[in-house]
Amino acid sequence: MTSPTIGIIGSGFGALAAAIELKTAGHDDIRLWERSDEIGGVWRDNTYPGAGCDVPSPVYSYSFEPNPNWSRRYALQPEIHQYIKDTADKYGIAPLVQFGVTVVAAAYDEKRATWTVTLDNGETQEVDLLVSAVGQLSRPKMPHIVGLESFEGPAFHSAQWDHSFDPKGKRVAVIGTGASAIQFVPHLAEDVAALTVFQRSPAYIAPKPDQPYTSLHRKMFGKIPATLRTERHVLWAFLEQLARGLDDDSPMGRVNKALCLQHLKKQVKDPVLRKKLTPDYPVGCKRVLFSNNYLPAIARPNVELVTEAVVEVKPNSVVAADGSEYDVDALVIGTGFDTQDFLNSIDITGVGGQKLASQWAAGARAYLGTYAPNFPNFFIMYGPNTNLGAGSIIYMLEAQARHMRQAVDRLVAGGYTSVAVTAEAEEAYDQDIQKRLANSVWSHCNSWYHHESGRITSNWPGATKPFAKRTKVLDPEAFEWAAA
């Protein structure tokens, strides 16, 4: 294969990591399909009040494109989105994006070793190599609640925020208390007459070591790049240590728990409310959240925390499991994303008519989170078992992109028509990962990291450096290389 045509689904951090790595290596016949009219992925879509990242920006950015101009250590959504767009422009990726098209299907042609990609407008396009960069957190998950569609007031998911809605003086209910809710709840609490927050289970919340960067900081970062690299490395090393606390019986885990509980005690004085906010599972088993203003918001006099499940929504109220009914004017859904969808929303067909959805019926799995047997010339960014309990996913994405580029380099240099991971290599890898996950805190409770089969499909076990080490050098023996 010479000068392969490459198609990438998406235009977020993962898509850009792959596109830039491949383009820089000379594989420049690239196109990206984007369902929206703008680049950015989740950082384009999530525009709720207070939206931001809980990973420090110097680490939550590409290693090859450090940004000396962050306004604060934990940047908010507009700034992160702008960084993505600026990076796409700088590396020549923006002109390669086809906007307003949704990939609905992709089928591999074994004889021609090509992928036929079908778009929602009925058009088909053909590429030699196909890259999925749809991510794990792109499809909002709506709860199945009786009567939800009957609600007469404004009702929307946090990832589809209705900016025409004015919360001032309103009675608002929030369903869900995950990573998005802890960011928008404090903003709602300041404006509403009454806020009712329905919590399924409490989260461990750690203090957020955030701070604005001064003009002096930015000047120093710009003129002395080594200071920016040093800060990135220090923050990365700190996150690597946090990740060590996600193994069973870890001393770091006990430190993490004590930190969160002390933070709770300091910010919530009411012992009854504090008990409602105290988790009963190991720290890290569900996503640890970072916030300095959520707990004080919950303690406000105009906010009520309800720990009973929502069982019904009526035209103007919400009913809890204990029969209590709460009159509300608006409803905000903060129940996160369909994290087990992976690629189920796209009909992907591989060798012998094998459907990826069928292959992943018991939970998604892939060699290095990137390659699936029976699907040649197909690569997955932010695939199964690459999510993190602590650390920057950008670090993982860059490692995946580098490994993928090595596979494409060898494909071209060797004159091969296709490459696919062997079933044996994928099985051995998966057994190792699942064995390690069984000794992690994630095995002790239900969370969005789990498939309904019980399998942990989302997370990588541990820190990020071992993944980077494992993906550093391509092992040709793990793949089948088809000659022309």
# chains A, B, ... in the order shown; residues from 1 in each chain; ligands from 1
$ select_by_dssp --residues "range 37-121 of chain A" --states "helix (DSSP H, G or I)" --output "ChimeraX atom specification"
/A:42-45,77-90,94-96
$ closest_atom_pairs --of "range 115-157 of chain A" --to "range 103-111 of chain A" --cutoff "9 Å" --atoms "only C-alpha atoms" --output "JSON lines"
{"residue": "A:Trp115", "atom": "CA", "partner": "A:Tyr108", "partner_atom": "CA", "distance": 4.5}
{"residue": "A:Thr116", "atom": "CA", "partner": "A:Ala107", "partner_atom": "CA", "distance": 5.3}
{"residue": "A:Val117", "atom": "CA", "partner": "A:Ala106", "partner_atom": "CA", "distance": 4.3}
{"residue": "A:Thr118", "atom": "CA", "partner": "A:Ala105", "partner_atom": "CA", "distance": 5.0}
{"residue": "A:Leu119", "atom": "CA", "partner": "A:Val103", "partner_atom": "CA", "distance": 4.5}
{"residue": "A:Asp120", "atom": "CA", "partner": "A:Val104", "partner_atom": "CA", "distance": 5.9}
{"residue": "A:Leu130", "atom": "CA", "partner": "A:Ala106", "partner_atom": "CA", "distance": 8.7}
$ residues_around --residues "Ile84 in chain A" --least-positions-apart "4" --cutoff "9 Å" --atoms "only C-alpha atoms" --output "JSON, numbers by chain"
{"A": [12, 13, 16, 39, 40, 43, 61, 79, 80, 88, 89]}
$ atom_distance --atom1 "CA of Val172 in chain A" --atom2 "CA of Ala330 in chain A"
4.9 Å
$ closest_residue --among "A:Val319, A:Leu195, A:Val412, A:Val268" --to "His27 in chain A" --atoms "only C-alpha atoms"
A:Val412
$ residues_around --residues "Gly334 in chain A" --least-positions-apart "6" --cutoff "6 Å" --atoms "only C-alpha atoms" --output "PyMOL selection string"
chain A and resi 158+175-176+181
$ write_last_selection --atoms "C-alpha atoms" --output "mmCIF file, in the first residue's frame"
data_model
loop_
_atom_site.group_PDB
_atom_site.id
_atom_site.type_symbol
_atom_site.label_atom_id
_atom_site.label_comp_id
_atom_site.auth_asym_id
_atom_site.auth_seq_id
_atom_site.Cartn_x
_atom_site.Cartn_y
_atom_site.Cartn_z
ATOM 1 C CA SER A 158 -26.531 19.096 30.737
ATOM 2 C CA ILE A 175 -31.260 14.607 38.492
ATOM 3 C CA GLY A 176 -27.744 13.239 38.902
ATOM 4 C CA ALA A 181 -23.515 18.347 37.953
#
$ residues_around --residues "range 196-204 of chain A" --least-positions-apart "2" --cutoff "7 Å" --atoms "only C-alpha atoms" --output "NGL selection string"
:A and (172-177 or 194 or 206 or 260 or 277-279 or 283 or 288-289 or 303-307 or 309)
$ residues_around --residues "Glu477 in chain A" --least-positions-apart "2" --cutoff "12 Å" --atoms "only C-alpha atoms" --output "MDAnalysis selection string"
chainID A and resid 407 419:426 473:475 479:481
$ residues_around --residues "range 56-58 of chain A" --least-positions-apart "2" --cutoff "10 Å" --atoms "only C-alpha atoms" --output "JSON, numbers by chain"
{"A": [52, 53, 54, 60, 61, 62, 63, 66, 67, 68, 70, 71, 72, 73, 74, 75, 76, 79, 80, 208, 209, 210, 228, 229, 230, 231, 232, 233, 234, 235, 236, 239, 391, 392]}
$ write_last_selection --atoms "N, CA and C atoms" --output "mmCIF file, in the first residue's frame"
data_model
loop_
_atom_site.group_PDB
_atom_site.id
_atom_site.type_symbol
_atom_site.label_atom_id
_atom_site.label_comp_id
_atom_site.auth_asym_id
_atom_site.auth_seq_id
_atom_site.Cartn_x
_atom_site.Cartn_y
_atom_site.Cartn_z
ATOM 1 N N GLY A 52 -15.817 22.655 32.646
ATOM 2 C CA GLY A 52 -14.367 22.714 32.598
ATOM 3 C C GLY A 52 -13.788 21.331 32.821
ATOM 4 N N CYS A 53 -12.476 21.245 32.875
ATOM 5 C CA CYS A 53 -11.807 19.958 33.033
ATOM 6 C C CYS A 53 -11.313 19.797 34.463
ATOM 7 N N ASP A 54 -11.359 18.567 34.984
ATOM 8 C CA ASP A 54 -10.839 18.330 36.331
ATOM 9 C C ASP A 54 -9.417 17.782 36.297
ATOM 10 N N TYR A 60 -3.541 18.496 30.516
ATOM 11 C CA TYR A 60 -4.662 18.220 29.625
ATOM 12 C C TYR A 60 -4.486 19.032 28.332
ATOM 13 N N SER A 61 -3.382 18.776 27.671
ATOM 14 C CA SER A 61 -3.042 19.420 26.403
ATOM 15 C C SER A 61 -1.971 18.563 25.750
ATOM 16 N N TYR A 62 -1.770 18.755 24.454
ATOM 17 C CA TYR A 62 -0.799 17.929 23.735
ATOM 18 C C TYR A 62 0.631 18.259 24.161
ATOM 19 N N SER A 63 1.453 17.229 24.288
ATOM 20 C CA SER A 63 2.853 17.440 24.664
ATOM 21 C C SER A 63 3.598 18.237 23.602
ATOM 22 N N PRO A 66 2.385 22.740 23.794
ATOM 23 C CA PRO A 66 2.141 23.343 25.109
ATOM 24 C C PRO A 66 1.553 24.748 24.945
ATOM 25 N N ASN A 67 0.730 25.135 25.878
ATOM 26 C CA ASN A 67 0.070 26.436 25.805
ATOM 27 C C ASN A 67 0.514 27.319 26.974
ATOM 28 N N PRO A 68 1.304 28.345 26.718
ATOM 29 C CA PRO A 68 1.769 29.219 27.803
ATOM 30 C C PRO A 68 0.712 30.221 28.248
ATOM 31 N N TRP A 70 -2.705 29.686 29.147
ATOM 32 C CA TRP A 70 -3.897 29.322 29.915
ATOM 33 C C TRP A 70 -4.187 30.418 30.935
ATOM 34 N N SER A 71 -5.451 30.736 31.115
ATOM 35 C CA SER A 71 -5.812 31.781 32.074
ATOM 36 C C SER A 71 -5.777 31.274 33.509
ATOM 37 N N ARG A 72 -5.930 29.945 33.672
ATOM 38 C CA ARG A 72 -5.891 29.351 35.005
ATOM 39 C C ARG A 72 -5.445 27.902 34.908
ATOM 40 N N ARG A 73 -5.121 27.323 36.056
ATOM 41 C CA ARG A 73 -4.580 25.952 36.041
ATOM 42 C C ARG A 73 -5.610 24.956 35.512
ATOM 43 N N TYR A 74 -6.886 25.146 35.878
ATOM 44 C CA TYR A 74 -7.953 24.278 35.374
ATOM 45 C C TYR A 74 -8.827 25.116 34.441
ATOM 46 N N ALA A 75 -8.525 25.068 33.158
ATOM 47 C CA ALA A 75 -9.231 25.916 32.198
ATOM 48 C C ALA A 75 -10.696 25.508 32.063
ATOM 49 N N LEU A 76 -11.524 26.470 31.692
ATOM 50 C CA LEU A 76 -12.943 26.216 31.468
ATOM 51 C C LEU A 76 -13.198 25.911 29.994
ATOM 52 N N GLU A 79 -12.108 28.040 26.763
ATOM 53 C CA GLU A 79 -10.669 28.097 26.526
ATOM 54 C C GLU A 79 -10.135 26.773 25.980
ATOM 55 N N ILE A 80 -10.657 25.657 26.506
ATOM 56 C CA ILE A 80 -10.236 24.340 26.007
ATOM 57 C C ILE A 80 -10.676 24.164 24.559
ATOM 58 N N LYS A 208 -9.982 21.195 44.796
ATOM 59 C CA LYS A 208 -9.424 21.463 43.467
ATOM 60 C C LYS A 208 -8.339 22.529 43.593
ATOM 61 N N PRO A 209 -7.075 22.155 43.413
ATOM 62 C CA PRO A 209 -5.984 23.121 43.584
ATOM 63 C C PRO A 209 -5.872 24.081 42.403
ATOM 64 N N ASP A 210 -6.935 24.818 42.198
ATOM 65 C CA ASP A 210 -7.010 25.728 41.053
ATOM 66 C C ASP A 210 -6.465 27.100 41.427
ATOM 67 N N LEU A 228 7.433 25.806 31.639
ATOM 68 C CA LEU A 228 6.154 25.194 31.262
ATOM 69 C C LEU A 228 6.272 23.676 31.249
ATOM 70 N N ARG A 229 7.373 23.177 30.704
ATOM 71 C CA ARG A 229 7.600 21.726 30.676
ATOM 72 C C ARG A 229 7.745 21.169 32.087
ATOM 73 N N THR A 230 8.410 21.939 32.955
ATOM 74 C CA THR A 230 8.602 21.492 34.339
ATOM 75 C C THR A 230 7.262 21.388 35.066
ATOM 76 N N GLU A 231 6.421 22.405 34.890
ATOM 77 C CA GLU A 231 5.116 22.364 35.547
ATOM 78 C C GLU A 231 4.310 21.171 35.043
ATOM 79 N N ARG A 232 4.353 20.939 33.739
ATOM 80 C CA ARG A 232 3.632 19.801 33.173
ATOM 81 C C ARG A 232 4.122 18.497 33.793
ATOM 82 N N HIS A 233 5.432 18.352 33.906
ATOM 83 C CA HIS A 233 5.977 17.104 34.433
ATOM 84 C C HIS A 233 5.615 16.920 35.908
ATOM 85 N N VAL A 234 5.665 17.986 36.690
ATOM 86 C CA VAL A 234 5.327 17.896 38.114
ATOM 87 C C VAL A 234 3.869 17.497 38.284
ATOM 88 N N LEU A 235 2.982 18.110 37.517
ATOM 89 C CA LEU A 235 1.561 17.777 37.604
ATOM 90 C C LEU A 235 1.311 16.344 37.129
ATOM 91 N N TRP A 236 1.988 15.937 36.062
ATOM 92 C CA TRP A 236 1.845 14.562 35.556
ATOM 93 C C TRP A 236 2.280 13.563 36.630
ATOM 94 N N LEU A 239 -0.327 13.228 39.355
ATOM 95 C CA LEU A 239 -1.464 12.418 38.920
ATOM 96 C C LEU A 239 -1.108 10.934 38.863
ATOM 97 N N GLY A 391 -5.311 11.037 35.930
ATOM 98 C CA GLY A 391 -4.363 11.312 34.852
ATOM 99 C C GLY A 391 -5.036 11.956 33.664
ATOM 100 N N SER A 392 -4.229 12.261 32.659
ATOM 101 C CA SER A 392 -4.720 12.947 31.466
ATOM 102 C C SER A 392 -4.920 11.982 30.311
#
$ select_by_dssp --residues "range 261-389 of chain A" --states "strand (DSSP E)" --output "ChimeraX atom specification"
/A:289-290,303-306,310-314,317-320,325-327,330-333,347-349,378-380
$ closest_residue --among "A:Val97, A:Ile205, A:Ile20, A:Ala179" --to "Phe64 in chain A" --atoms "only C-alpha atoms"
A:Ile20
